[in-house]
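So this one's coords-v8.cif, mmCIF, C-alpha atoms and all ligand atoms:
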```cif
data_my_file
#
loop_
_atom_site.label_atom_id
_atom_site.label_comp_id
_atom_site.auth_asym_id
_atom_site.auth_seq_id
_atom_site.Cartn_x
_atom_site.Cartn_y
_atom_site.Cartn_z
CA MET K 163 -134.76 -46.90 -69.26
CA GLN K 164 -133.50 -48.90 -72.23
CA ARG K 165 -135.92 -51.57 -73.52
CA GLY K 166 -134.77 -55.09 -74.29
CA THR K 167 -135.40 -57.37 -77.23
CA ASN K 168 -136.61 -60.97 -77.23
CA LEU K 169 -134.38 -62.02 -80.15
CA GLY K 170 -131.97 -64.70 -78.99
CA ARG K 171 -128.80 -63.32 -80.57
CA LEU K 172 -129.10 -60.10 -78.59
CA GLY K 173 -129.06 -62.00 -75.32
CA ASP K 174 -126.00 -60.16 -74.02
CA PHE K 175 -127.77 -56.84 -74.48
CA ASN K 176 -130.82 -58.13 -72.59
CA GLN K 177 -128.57 -59.36 -69.85
CA ALA K 178 -127.07 -55.90 -69.46
CA VAL K 179 -130.52 -54.27 -69.42
CA ILE K 180 -131.88 -56.69 -66.81
CA PHE K 181 -128.79 -56.49 -64.65
CA GLU K 182 -128.81 -52.67 -64.75
CA SER K 183 -132.49 -52.68 -63.70
CA ILE K 184 -131.69 -54.88 -60.71
CA ARG K 185 -128.60 -52.82 -59.89
CA ARG K 186 -130.56 -49.58 -59.73
CA ALA K 187 -133.47 -51.02 -57.71
CA VAL K 188 -132.48 -50.11 -54.17
CA ASP K 189 -135.31 -52.15 -52.60
CA GLY K 190 -135.15 -55.07 -54.99
CA VAL K 191 -137.32 -55.78 -58.04
CA SER K 192 -139.57 -58.75 -58.85
CA ARG K 193 -139.50 -60.72 -62.10
CA VAL K 194 -142.94 -59.37 -62.98
CA GLU K 195 -141.74 -55.79 -62.49
CA LEU K 196 -138.67 -56.53 -64.63
CA ALA K 197 -140.91 -57.80 -67.44
CA GLY K 198 -142.91 -54.58 -67.20
CA SER K 199 -139.96 -52.21 -67.22
CA THR K 200 -137.84 -53.96 -69.86
CA GLY K 201 -140.57 -55.27 -72.17
CA LEU K 202 -138.91 -58.71 -72.19
CA SER K 203 -140.77 -62.03 -72.06
CA PRO K 204 -140.93 -63.98 -68.76
CA GLN K 205 -138.91 -66.74 -70.48
CA THR K 206 -136.07 -64.36 -71.44
CA ILE K 207 -136.04 -62.87 -67.94
CA SER K 208 -135.98 -66.31 -66.39
CA ASN K 209 -133.00 -67.37 -68.53
CA VAL K 210 -130.96 -64.28 -67.70
CA VAL K 211 -131.87 -64.32 -64.01
CA ARG K 212 -130.78 -67.95 -63.74
CA ARG K 213 -127.34 -67.01 -65.08
CA LEU K 214 -127.07 -64.01 -62.76
CA LEU K 215 -128.04 -66.21 -59.78
CA ASP K 216 -125.50 -68.88 -60.81
CA GLU K 217 -122.77 -66.24 -60.94
CA GLY K 218 -123.74 -64.91 -57.50
CA LEU K 219 -124.35 -61.40 -58.88
CA VAL K 220 -127.92 -61.33 -57.58
CA ARG K 221 -129.93 -63.18 -54.91
CA GLU K 222 -133.63 -63.96 -54.71
CA ASP K 223 -134.43 -64.95 -51.17
CA ARG K 224 -136.52 -62.10 -49.78
CA THR K 225 -140.28 -61.63 -50.08
CA ILE K 226 -142.02 -58.30 -49.67
CA VAL K 227 -145.66 -57.80 -48.76
CA SER K 228 -147.04 -54.61 -50.27
CA GLY K 229 -150.76 -54.05 -50.67
CA PRO K 230 -153.28 -56.80 -51.44
CA GLY K 231 -152.33 -59.95 -53.31
CA LYS K 232 -149.65 -62.50 -52.58
CA PRO K 233 -146.20 -61.43 -51.36
CA ARG K 234 -143.65 -60.91 -54.13
CA THR K 235 -140.16 -62.34 -54.16
CA VAL K 236 -137.55 -59.79 -55.17
CA LEU K 237 -134.21 -59.97 -56.92
CA GLU K 238 -131.47 -58.01 -55.19
CA LEU K 239 -127.96 -57.06 -56.09
CA GLU K 240 -125.03 -58.87 -54.46
CA ALA K 241 -123.17 -55.56 -54.44
CA ASN K 242 -119.75 -56.84 -53.34
CA ARG K 243 -119.68 -59.77 -55.76
CA MET K 244 -117.89 -57.50 -58.19
CA VAL K 245 -115.68 -54.56 -57.24
CA ALA K 246 -113.49 -52.19 -59.21
CA ILE K 247 -110.48 -50.19 -58.14
CA GLY K 248 -110.06 -46.58 -59.19
CA ILE K 249 -106.83 -44.61 -59.11
CA HIS K 250 -106.73 -40.89 -59.59
CA LEU K 251 -103.48 -39.29 -60.60
CA ASP K 252 -103.60 -35.54 -60.06
CA PRO K 253 -100.35 -33.56 -59.83
CA GLY K 254 -101.33 -32.62 -56.26
CA VAL K 255 -102.80 -35.89 -54.97
CA ILE K 256 -103.09 -39.59 -55.71
CA SER K 257 -106.30 -41.26 -54.50
CA VAL K 258 -107.20 -44.92 -54.67
CA VAL K 259 -110.68 -46.34 -53.99
CA MET K 260 -112.36 -49.74 -54.07
CA LEU K 261 -115.94 -49.43 -55.32
CA ASN K 262 -118.70 -52.05 -55.37
CA LEU K 263 -121.45 -52.65 -57.92
CA ARG K 264 -123.75 -50.17 -56.22
CA GLY K 265 -121.11 -47.48 -56.46
CA GLU K 266 -120.28 -47.51 -52.74
CA VAL K 267 -116.68 -46.78 -51.71
CA LEU K 268 -115.57 -49.75 -49.60
CA HIS K 269 -111.98 -48.65 -49.00
CA SER K 270 -109.91 -45.64 -49.91
CA ARG K 271 -106.41 -44.25 -49.57
CA ARG K 272 -105.10 -40.77 -50.27
CA LEU K 273 -101.50 -39.68 -50.83
CA ASP K 274 -101.25 -35.90 -50.54
CA ILE K 275 -98.72 -34.04 -52.66
CA PRO K 276 -96.93 -37.19 -53.80
CA PRO K 277 -93.55 -36.99 -55.52
CA VAL K 278 -94.47 -37.37 -59.19
CA GLU K 279 -91.24 -36.34 -60.99
CA VAL K 280 -90.27 -39.93 -61.80
CA PRO K 281 -93.19 -41.53 -63.61
CA GLU K 282 -91.96 -45.12 -63.14
CA LYS K 283 -91.71 -44.63 -59.37
CA THR K 284 -95.17 -43.04 -59.27
CA VAL K 285 -96.68 -45.99 -61.14
CA GLU K 286 -94.99 -48.33 -58.64
CA THR K 287 -96.49 -46.32 -55.77
CA MET K 288 -99.92 -46.67 -57.36
CA ALA K 289 -99.52 -50.45 -57.66
CA LYS K 290 -98.31 -50.72 -54.07
CA THR K 291 -101.27 -48.70 -52.78
CA VAL K 292 -103.71 -50.87 -54.76
CA GLU K 293 -102.15 -54.02 -53.24
CA GLU K 294 -102.49 -52.51 -49.75
CA ILE K 295 -106.17 -51.80 -50.30
CA ILE K 296 -106.82 -55.30 -51.63
CA ILE K 297 -105.16 -56.83 -48.56
CA GLU K 298 -106.95 -54.49 -46.17
CA SER K 299 -110.33 -55.30 -47.77
CA GLY K 300 -109.91 -59.07 -47.70
CA MET K 301 -111.72 -59.03 -51.06
CA PRO K 302 -111.13 -62.21 -53.11
CA ARG K 303 -109.07 -61.29 -56.16
CA ALA K 304 -111.60 -63.05 -58.38
CA ASN K 305 -114.18 -60.39 -57.43
CA ILE K 306 -112.00 -57.54 -58.70
CA VAL K 307 -113.09 -56.76 -62.24
CA GLY K 308 -110.24 -54.35 -62.94
CA VAL K 309 -108.42 -51.12 -62.24
CA GLY K 310 -109.28 -47.75 -63.80
CA VAL K 311 -106.70 -44.98 -63.81
CA ALA K 312 -108.11 -41.46 -64.15
CA ALA K 313 -105.39 -39.07 -65.28
CA PRO K 314 -105.02 -35.64 -66.85
CA GLY K 315 -105.06 -35.53 -70.64
CA PRO K 316 -104.01 -35.61 -73.29
CA LEU K 317 -103.71 -39.38 -73.22
CA ASP K 318 -103.93 -42.37 -75.54
CA ARG K 319 -106.68 -44.52 -74.05
CA GLU K 320 -106.21 -47.38 -76.53
CA ARG K 321 -102.48 -47.74 -75.89
CA GLY K 322 -102.63 -46.82 -72.20
CA LEU K 323 -100.20 -43.90 -72.56
CA MET K 324 -100.04 -40.49 -70.94
CA ILE K 325 -99.05 -38.22 -73.84
CA ASP K 326 -97.85 -34.91 -72.37
CA PRO K 327 -100.03 -33.58 -69.54
CA PRO K 328 -99.23 -29.88 -69.06
CA LEU K 329 -98.89 -29.95 -65.27
CA LEU K 330 -96.93 -33.18 -64.91
CA ASP K 331 -93.37 -32.40 -65.96
CA GLY K 332 -91.57 -35.41 -67.39
CA TRP K 333 -94.69 -37.43 -68.14
CA LYS K 334 -94.21 -37.52 -71.92
CA ASP K 335 -95.33 -40.78 -73.59
CA VAL K 336 -95.42 -42.64 -70.29
CA GLU K 337 -96.87 -46.15 -70.24
CA VAL K 338 -99.33 -46.52 -67.39
CA VAL K 339 -101.58 -49.43 -68.26
CA GLU K 340 -98.98 -52.08 -69.18
CA PRO K 341 -96.76 -51.76 -66.07
CA LEU K 342 -99.77 -51.71 -63.74
CA ARG K 343 -101.25 -54.74 -65.46
CA ARG K 344 -97.92 -56.55 -65.03
CA MET K 345 -97.47 -55.60 -61.38
CA LEU K 346 -101.07 -56.22 -60.31
CA ASN K 347 -102.07 -59.03 -62.64
CA LEU K 348 -105.45 -57.32 -63.12
CA ASP K 349 -107.14 -55.68 -66.11
CA VAL K 350 -106.29 -51.98 -66.27
CA ILE K 351 -107.80 -49.13 -68.27
CA LEU K 352 -106.77 -45.48 -68.58
CA GLU K 353 -109.37 -42.71 -68.76
CA LYS K 354 -109.11 -38.94 -68.90
CA ASP K 355 -109.93 -37.56 -65.44
CA THR K 356 -112.78 -35.31 -66.57
CA ILE K 357 -114.42 -38.13 -68.54
CA ALA K 358 -113.98 -40.52 -65.60
CA ALA K 359 -115.55 -38.04 -63.17
CA SER K 360 -118.50 -37.58 -65.56
CA ILE K 361 -119.02 -41.36 -65.69
CA ALA K 362 -119.10 -41.29 -61.88
CA GLU K 363 -121.80 -38.59 -61.89
CA LEU K 364 -123.85 -40.64 -64.36
CA TRP K 365 -123.38 -43.83 -62.37
CA LYS K 366 -124.30 -42.38 -59.03
CA GLY K 367 -127.10 -40.16 -60.25
CA ASN K 368 -130.73 -40.90 -61.02
CA ASP K 369 -132.51 -37.67 -61.81
CA ALA K 370 -133.40 -36.79 -65.38
CA ALA K 371 -131.62 -33.41 -65.19
CA ARG K 372 -128.38 -35.33 -65.37
CA ASP K 373 -128.97 -36.35 -68.96
CA ASN K 374 -127.48 -33.05 -70.09
CA PHE K 375 -124.78 -31.60 -67.90
CA ILE K 376 -121.27 -30.21 -67.85
CA LEU K 377 -118.88 -31.32 -65.16
CA MET K 378 -116.30 -28.64 -64.41
CA TYR K 379 -113.36 -30.50 -63.00
CA VAL K 380 -111.18 -28.27 -60.83
CA GLY K 381 -107.94 -29.85 -59.66
CA ALA K 382 -104.37 -28.81 -60.33
CA GLY K 383 -105.66 -28.37 -63.90
CA ILE K 384 -109.15 -27.53 -65.13
CA GLY K 385 -111.16 -29.61 -67.59
CA ALA K 386 -114.77 -30.19 -68.58
CA GLY K 387 -116.75 -33.40 -68.89
CA MET K 388 -119.79 -33.21 -71.13
CA VAL K 389 -122.79 -35.51 -70.89
CA LEU K 390 -125.29 -34.99 -73.70
CA ASN K 391 -128.55 -36.95 -73.90
CA GLY K 392 -127.28 -39.36 -71.28
CA GLU K 393 -124.04 -40.17 -73.14
CA ILE K 394 -120.50 -39.09 -72.31
CA HIS K 395 -119.06 -36.98 -75.09
CA ARG K 396 -115.60 -38.50 -75.62
CA GLY K 397 -114.48 -37.02 -78.91
CA VAL K 398 -112.62 -39.07 -81.54
CA SER K 399 -109.57 -39.67 -79.32
CA ASN K 400 -111.19 -39.78 -75.86
CA ASN K 401 -109.67 -36.39 -75.07
CA ALA K 402 -112.69 -34.09 -75.21
CA GLY K 403 -112.98 -31.37 -72.58
CA GLU K 404 -109.72 -29.42 -72.91
CA ILE K 405 -110.91 -25.97 -71.93
CA GLY K 406 -107.67 -24.58 -70.50
CA HIS K 407 -107.20 -22.11 -73.34
CA TYR K 408 -110.72 -20.66 -73.41
CA SER K 409 -110.67 -16.91 -72.88
CA THR K 410 -111.71 -15.56 -69.49
CA GLY K 411 -112.06 -12.11 -71.03
CA VAL K 412 -109.35 -10.72 -68.72
CA VAL K 413 -105.66 -10.37 -69.61
CA ALA K 414 -103.54 -12.40 -67.18
CA GLN K 415 -100.03 -13.22 -68.43
CA PRO K 416 -98.42 -14.73 -71.54
CA CYS K 417 -99.64 -18.33 -71.96
CA THR K 418 -97.88 -21.32 -73.53
CA CYS K 419 -100.42 -21.07 -76.36
CA GLY K 420 -99.25 -17.55 -77.30
CA ARG K 421 -102.30 -15.67 -75.97
CA ASN K 422 -102.61 -14.00 -72.58
CA ASP K 423 -106.20 -14.27 -71.38
CA CYS K 424 -106.74 -18.04 -71.15
CA LEU K 425 -108.05 -19.91 -68.13
CA HIS K 426 -104.74 -21.81 -68.00
CA ALA K 427 -102.74 -18.58 -67.80
CA SER K 428 -105.11 -17.03 -65.24
CA LEU K 429 -105.04 -20.01 -62.90
CA ALA K 430 -101.35 -20.93 -63.30
CA PHE K 431 -99.86 -21.04 -59.83
CA ASN K 432 -97.22 -18.36 -60.52
CA HIS K 433 -99.95 -15.91 -61.49
CA VAL K 434 -102.15 -16.77 -58.50
CA ALA K 435 -99.10 -16.59 -56.21
CA GLN K 436 -98.24 -13.07 -57.45
CA LYS K 437 -101.79 -11.95 -56.75
CA ALA K 438 -101.65 -13.58 -53.33
CA ARG K 439 -98.43 -11.74 -52.41
CA ALA K 440 -99.89 -8.49 -53.74
CA VAL K 441 -102.69 -8.68 -51.16
CA GLY K 442 -100.29 -9.52 -48.35
CA LEU K 443 -100.53 -13.31 -48.19
CA THR K 444 -97.27 -15.06 -47.23
CA LEU K 445 -96.33 -18.19 -49.18
CA THR K 446 -93.34 -20.38 -48.30
CA VAL K 447 -92.85 -21.75 -51.84
CA PRO K 448 -91.40 -20.10 -54.97
CA ASP K 449 -93.79 -18.86 -57.66
CA ASP K 450 -92.24 -21.11 -60.30
CA GLY K 451 -91.65 -24.28 -58.30
CA ASN K 452 -92.07 -27.94 -59.21
CA PRO K 453 -95.51 -29.63 -59.15
CA GLU K 454 -95.18 -30.46 -55.44
CA GLU K 455 -94.32 -26.88 -54.54
CA ARG K 456 -97.15 -25.54 -56.69
CA ALA K 457 -99.62 -27.90 -55.00
CA GLU K 458 -98.24 -26.92 -51.60
CA GLY K 459 -98.55 -23.20 -52.44
CA MET K 460 -102.15 -23.56 -53.59
CA SER K 461 -103.05 -25.46 -50.42
CA GLN K 462 -101.45 -22.69 -48.33
CA ILE K 463 -103.82 -20.14 -49.91
CA VAL K 464 -106.79 -22.50 -49.43
CA LYS K 465 -105.82 -22.99 -45.78
CA MET K 466 -105.60 -19.24 -45.16
CA ALA K 467 -109.09 -18.84 -46.65
CA ASP K 468 -110.36 -21.66 -44.42
CA GLU K 469 -108.94 -19.90 -41.40
CA GLY K 470 -110.95 -16.80 -42.21
CA ASN K 471 -108.48 -14.71 -44.22
CA GLU K 472 -110.84 -12.70 -46.42
CA ASN K 473 -108.10 -11.75 -48.93
CA ALA K 474 -107.36 -15.43 -49.52
CA ALA K 475 -111.06 -16.30 -49.86
CA SER K 476 -111.64 -13.45 -52.23
CA LEU K 477 -108.66 -14.51 -54.37
CA MET K 478 -110.12 -18.04 -54.63
CA ARG K 479 -113.54 -16.58 -55.51
CA GLU K 480 -111.88 -14.56 -58.27
CA CYS K 481 -110.11 -17.66 -59.63
CA MET K 482 -113.26 -19.77 -59.58
CA GLY K 483 -115.19 -16.90 -61.17
CA LYS K 484 -112.93 -17.29 -64.20
CA VAL K 485 -113.83 -20.98 -64.36
CA GLY K 486 -117.46 -19.84 -64.23
CA GLN K 487 -116.89 -17.49 -67.19
CA VAL K 488 -115.73 -20.45 -69.28
CA ALA K 489 -118.53 -22.72 -67.99
CA GLY K 490 -121.05 -20.09 -69.12
CA GLN K 491 -119.61 -20.17 -72.64
CA LEU K 492 -119.88 -23.98 -72.68
CA CYS K 493 -123.52 -23.72 -71.57
CA ASN K 494 -124.19 -21.46 -74.55
CA ALA K 495 -122.59 -23.94 -76.95
CA LEU K 496 -124.26 -27.05 -75.51
CA ASP K 497 -127.56 -25.81 -73.96
CA VAL K 498 -127.34 -28.12 -70.93
CA SER K 499 -129.55 -27.90 -67.85
CA GLN K 500 -126.92 -28.35 -65.20
CA VAL K 501 -123.30 -27.55 -64.34
CA ILE K 502 -121.67 -29.67 -61.66
CA PHE K 503 -118.42 -28.52 -60.06
CA GLY K 504 -116.04 -31.07 -58.60
CA GLY K 505 -112.44 -32.19 -58.26
CA PRO K 506 -109.82 -31.91 -55.50
CA LEU K 507 -109.47 -28.10 -55.43
CA TRP K 508 -113.20 -27.44 -55.76
CA SER K 509 -113.87 -29.72 -52.77
CA GLU K 510 -111.80 -27.29 -50.69
CA VAL K 511 -113.20 -23.98 -51.96
CA GLY K 512 -116.67 -24.84 -53.31
CA ASP K 513 -118.53 -23.84 -50.15
CA TYR K 514 -117.75 -20.17 -50.49
CA CYS K 515 -117.28 -19.97 -54.28
CA LEU K 516 -120.47 -21.67 -55.49
CA ASP K 517 -122.90 -18.76 -55.24
CA GLY K 518 -120.68 -16.38 -57.20
CA VAL K 519 -120.01 -18.95 -59.89
CA ARG K 520 -123.73 -19.75 -60.22
CA GLU K 521 -124.44 -16.07 -60.79
CA ILE K 522 -121.71 -15.69 -63.42
CA ILE K 523 -122.86 -18.75 -65.37
CA ASN K 524 -126.50 -17.71 -65.42
CA GLU K 525 -125.55 -14.17 -66.33
CA ARG K 526 -123.49 -15.41 -69.30
CA PHE K 527 -126.12 -17.90 -70.44
CA THR K 528 -127.77 -16.46 -73.54
CA SER K 529 -130.99 -18.50 -73.39
CA LYS K 530 -131.73 -17.54 -69.80
CA ASN K 531 -135.23 -16.41 -70.74
CA VAL K 532 -135.94 -19.99 -71.84
CA HIS K 533 -134.41 -21.84 -68.90
CA GLY K 534 -131.91 -21.34 -66.11
CA ILE K 535 -128.81 -23.39 -65.42
CA GLU K 536 -128.73 -25.36 -62.20
CA VAL K 537 -125.23 -25.03 -60.71
CA ARG K 538 -124.16 -27.25 -57.83
CA SER K 539 -121.20 -29.02 -56.28
CA SER K 540 -120.59 -32.70 -56.92
CA THR K 541 -121.59 -34.93 -54.03
CA LEU K 542 -118.66 -37.24 -54.77
CA GLY K 543 -116.11 -35.18 -52.85
CA PRO K 544 -112.36 -35.04 -53.44
CA GLU K 545 -112.30 -38.68 -54.55
CA ALA K 546 -114.48 -37.98 -57.62
CA GLY K 547 -111.61 -38.79 -60.00
CA ALA K 548 -110.77 -42.11 -58.36
CA ILE K 549 -114.46 -43.06 -58.10
CA GLY K 550 -114.68 -42.17 -61.79
CA GLY K 551 -111.77 -44.48 -62.63
CA ALA K 552 -113.55 -47.34 -60.87
CA CYS K 553 -116.89 -46.47 -62.50
CA ALA K 554 -115.19 -46.46 -65.91
CA VAL K 555 -114.10 -50.05 -65.27
CA MET K 556 -117.60 -51.05 -64.16
CA ASP K 557 -119.10 -49.26 -67.12
CA ALA K 558 -116.79 -51.07 -69.54
CA ALA K 559 -117.49 -54.42 -67.85
CA LEU K 560 -121.26 -54.01 -67.81
CA SER K 561 -121.82 -52.58 -71.28
CA PRO K 562 -123.92 -54.91 -73.45
CA LYS K 563 -120.91 -56.08 -75.44
CA ALA K 564 -118.91 -56.94 -72.34
CA ALA K 565 -121.80 -58.47 -70.40
CA ALA K 566 -121.49 -61.69 -72.36
CA LEU K 567 -117.82 -61.96 -71.34
CA LEU K 568 -118.61 -61.13 -67.74
CA LEU K 569 -120.80 -64.21 -67.34
CA ARG K 570 -118.58 -66.55 -69.29
ZN ZN K 601 -103.44 -20.44 -73.40
#
```

Represent the structure from my file as structure tokens, please.
Ligand SMILES: [Zn+2]
Amino acid sequence: MQRGTNLGRLGDFNQAVIFESIRRAVDGVSRVELAGSTGLSPQTISNVVRRLLDEGLVREDRTIVSGPGKPRTVLELEANRMVAIGIHLDPGVISVVMLNLRGEVLHSRRLDIPPVEVPEKTVETMAKTVEEIIIESGMPRANIVGVGVAAPGPLDRERGLMIDPPLLDGWKDVEVVEPLRRMLNLDVILEKDTIAASIAELWKGNDAARDNFILMYVGAGIGAGMVLNGEIHRGVSNNAGEIGHYSTGVVAQPCTCGRNDCLHASLAFNHVAQKARAVGLTLTVPDDGNPEERAEGMSQIVKMADEGNENAASLMRECMGKVGQVAGQLCNALDVSQVIFGGPLWSEVGDYCLDGVREIINERFTSKNVHGIEVRSSTLGPEAGAIGGACAVMDAALSPKAAALLLR
């Protein structure tokens, strides 16, 4: 828990600290408890609480009797007073969610295997889906703090541009933020999908183990989010986490980077498709198809595994094992306590791949005599990216610097 300060000019920071304390208190929190946990004076707390009450972000109308002494009145979050919309653009799926201040998904929409060849059309589809969700929710537009787009890197977060994502053909230097802002008349930010999903894990999580974790994001592409000492590691250009060209230790096929044993080369659909055909699986798409066909082909293999085809399941276990090999190397570099697996593809295969991956990571981890690595699946499901986009907006809006603007 961050502590506040009683100096007047840092009021916006105190406001953020107090608001975050109320936000995280599921059963409400009294003013006295706030003073205890934040170290702020009753006067400072009273000033901030008055502003939060005026803005309708919290309410204070419930008393709780617990133990001896007089009943205490608690402050509680007005969770739907502020909502954010998250959009996840994955080559295989576009998801849109509306998230409230508590991190609950109020509404969601999912477009499977969307046509993504024409970026402008795809951005229009995103805007249209957001409008549909807003109408369906009946949420006043004034309550919507903004829209966060989670997308594969590399991207330019400051300028709102997708630079040249490897699995989205034709998305070179594509403006995403400006057109959405124009069409929706809402604030829009762009965030790398792995970083967005890590923000979601931080936002939704409470346990201390989450202060140091790696999020292995497994969608059409693979990336890593890194949270160190409770902070997202962004890198200088907000593009940290590109792990596609880490070595799996096994030769696969020539890669775009000039080597032949990278994760990217091993998990490229054409390579996986060849292996699938070699063990007798029938796919109805070409090995070197467009993004839609590649997504379709991968989902055919996943479906066969779901239906009990052991060759398909074992192929997916082999693929995810390679992701585990790379995760183990990251654990050695960063000495984290936990690896969380998530993303659209992992949501489909995690159930039967998790045990093997856990074993590989812990086997690779050099400091295993000091501590083990907890390996688990994200609880956020296939919408982790979209939830992350929305959490990124909330996070930006509620940071100490922005808190002053929020209650203008
Ligand atoms: Zn490579």

> Which residue, K:Asn305, K:Ser208, K:Asn531, K:Thr287, has the smallest gap to Arg243 of chain K when you use all atoms listed in the file?
Replying inline: K:Asn305

> So, counting all atoms listed in the file, which residue among K:Ile522, K:Val537, K:Ile297, K:Leu239 is closest to Glu217 of chain K?
Replying inline: K:Leu239

>> Around ligand ZN 601 (chain K), out to 7 Å and counting only C-alpha atoms and all ligand atoms, which residues are there? I want them as a PyMOL selection string.
In response: chain K and resi 406-407+417-422+424+426-427

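Considering all atoms listed in the file, the residue among K:Thr284, K:Ser399, K:Leu273, K:Pro253 positioned nearest to Asp318 of chain K is K:Ser399.
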
>> With only C-alpha atoms as the counted atoms, please give the residues lying no more than 6 Å from Ala241 of chain K, apart from itself and same-chain residues fewer than 6 positions off, as a list in words.
In response: Asn262, Leu263 and Arg264 of chain K

Please provide as a compact mmCIF listing (two decimals) with C-alpha atoms, keeping the file's coordinate frame all residues within 7 Å of Gly504 of chain K, with the sequence filter that same-chain residues fewer than 5 positions apart are discarded (counting all atoms listed in the file).
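Output (out-v9.txt):
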```txt
# COMPACT_ATOMS: atom_id res chain seq x y z
CA MET K 378 -116.30 -28.64 -64.41
CA TYR K 379 -113.36 -30.50 -63.00
CA VAL K 380 -111.18 -28.27 -60.83
CA SER K 509 -113.87 -29.72 -52.77
CA SER K 539 -121.20 -29.02 -56.28
CA SER K 540 -120.59 -32.70 -56.92
```

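From atom CA of Gly381 of chain K back to atom CA of Gln500 of chain K, the distance works out to 19.8 Å.
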
> Which is closer to Arg321 of chain K than all the others in K:Ala430, K:Leu352, K:Met260, K:Val309, using only C-alpha atoms?
Replying inline: K:Leu352

>> So that I can check the surroundings of Val398 of chain K, please list as a ChimeraX atom specification every protein, DNA and RNA residue that reaches within 12 Å of it, counting all atoms listed in the file and ignoring chain neighbours fewer than 3 positions away.
In response: /K:318-320,395,401-403

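Minimum atom-to-atom distances from K:Asp513, K:Asp252, K:Glu469, K:Glu536 to Cys493 of chain K were compared using only C-alpha atoms, and the lowest value belongs to K:Glu536.
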
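The gap separating atom CA of Ala559 of chain K from atom CA of Leu202 of chain K is 22.3 Å, in Å to one decimal.
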
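Of the listed residues (K:Gly190, K:Asp274, K:Glu286, K:Tyr514), K:Gly190 comes nearest to Glu240 of chain K; the distances count all atoms listed in the file.
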
Your completed segment 389-401 of chain K with N, CA and C atoms, as a PDB file, in the frame of the given file:
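Everything below was put into rebuild_30.pdb:
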```
ATOM      1  N   VAL K 389    -121.839 -34.421 -70.718  1.00  0.00           N
ATOM      2  CA  VAL K 389    -122.790 -35.510 -70.890  1.00  0.00           C
ATOM      3  C   VAL K 389    -123.988 -34.948 -71.643  1.00  0.00           C
ATOM      4  N   LEU K 390    -124.224 -35.500 -72.839  1.00  0.00           N
ATOM      5  CA  LEU K 390    -125.290 -34.990 -73.700  1.00  0.00           C
ATOM      6  C   LEU K 390    -126.252 -36.127 -74.003  1.00  0.00           C
ATOM      7  N   ASN K 391    -127.525 -35.915 -73.712  1.00  0.00           N
ATOM      8  CA  ASN K 391    -128.550 -36.950 -73.900  1.00  0.00           C
ATOM      9  C   ASN K 391    -128.159 -38.266 -73.233  1.00  0.00           C
ATOM     10  N   GLY K 392    -127.593 -38.160 -72.060  1.00  0.00           N
ATOM     11  CA  GLY K 392    -127.280 -39.360 -71.280  1.00  0.00           C
ATOM     12  C   GLY K 392    -125.993 -40.055 -71.676  1.00  0.00           C
ATOM     13  N   GLU K 393    -125.281 -39.528 -72.686  1.00  0.00           N
ATOM     14  CA  GLU K 393    -124.040 -40.170 -73.140  1.00  0.00           C
ATOM     15  C   GLU K 393    -122.855 -39.257 -72.877  1.00  0.00           C
ATOM     16  N   ILE K 394    -121.737 -39.860 -72.470  1.00  0.00           N
ATOM     17  CA  ILE K 394    -120.500 -39.090 -72.310  1.00  0.00           C
ATOM     18  C   ILE K 394    -120.017 -38.662 -73.698  1.00  0.00           C
ATOM     19  N   HIS K 395    -119.677 -37.399 -73.847  1.00  0.00           N
ATOM     20  CA  HIS K 395    -119.060 -36.980 -75.090  1.00  0.00           C
ATOM     21  C   HIS K 395    -117.548 -37.177 -74.973  1.00  0.00           C
ATOM     22  N   ARG K 396    -117.012 -38.154 -75.740  1.00  0.00           N
ATOM     23  CA  ARG K 396    -115.600 -38.500 -75.620  1.00  0.00           C
ATOM     24  C   ARG K 396    -114.725 -37.820 -76.656  1.00  0.00           C
ATOM     25  N   GLY K 397    -115.296 -37.510 -77.813  1.00  0.00           N
ATOM     26  CA  GLY K 397    -114.480 -37.020 -78.910  1.00  0.00           C
ATOM     27  C   GLY K 397    -113.805 -38.198 -79.601  1.00  0.00           C
ATOM     28  N   VAL K 398    -113.168 -37.947 -80.761  1.00  0.00           N
ATOM     29  CA  VAL K 398    -112.620 -39.070 -81.540  1.00  0.00           C
ATOM     30  C   VAL K 398    -111.450 -39.745 -80.850  1.00  0.00           C
ATOM     31  N   SER K 399    -110.738 -39.048 -79.966  1.00  0.00           N
ATOM     32  CA  SER K 399    -109.570 -39.670 -79.320  1.00  0.00           C
ATOM     33  C   SER K 399    -109.716 -39.779 -77.807  1.00  0.00           C
ATOM     34  N   ASN K 400    -110.948 -39.698 -77.304  1.00  0.00           N
ATOM     35  CA  ASN K 400    -111.190 -39.780 -75.860  1.00  0.00           C
ATOM     36  C   ASN K 400    -110.524 -38.652 -75.076  1.00  0.00           C
ATOM     37  N   ASN K 401    -110.332 -37.515 -75.728  1.00  0.00           N
ATOM     38  CA  ASN K 401    -109.670 -36.390 -75.070  1.00  0.00           C
ATOM     39  C   ASN K 401    -110.535 -35.124 -75.014  1.00  0.00           C
TER      40      ASN K 401
END
```
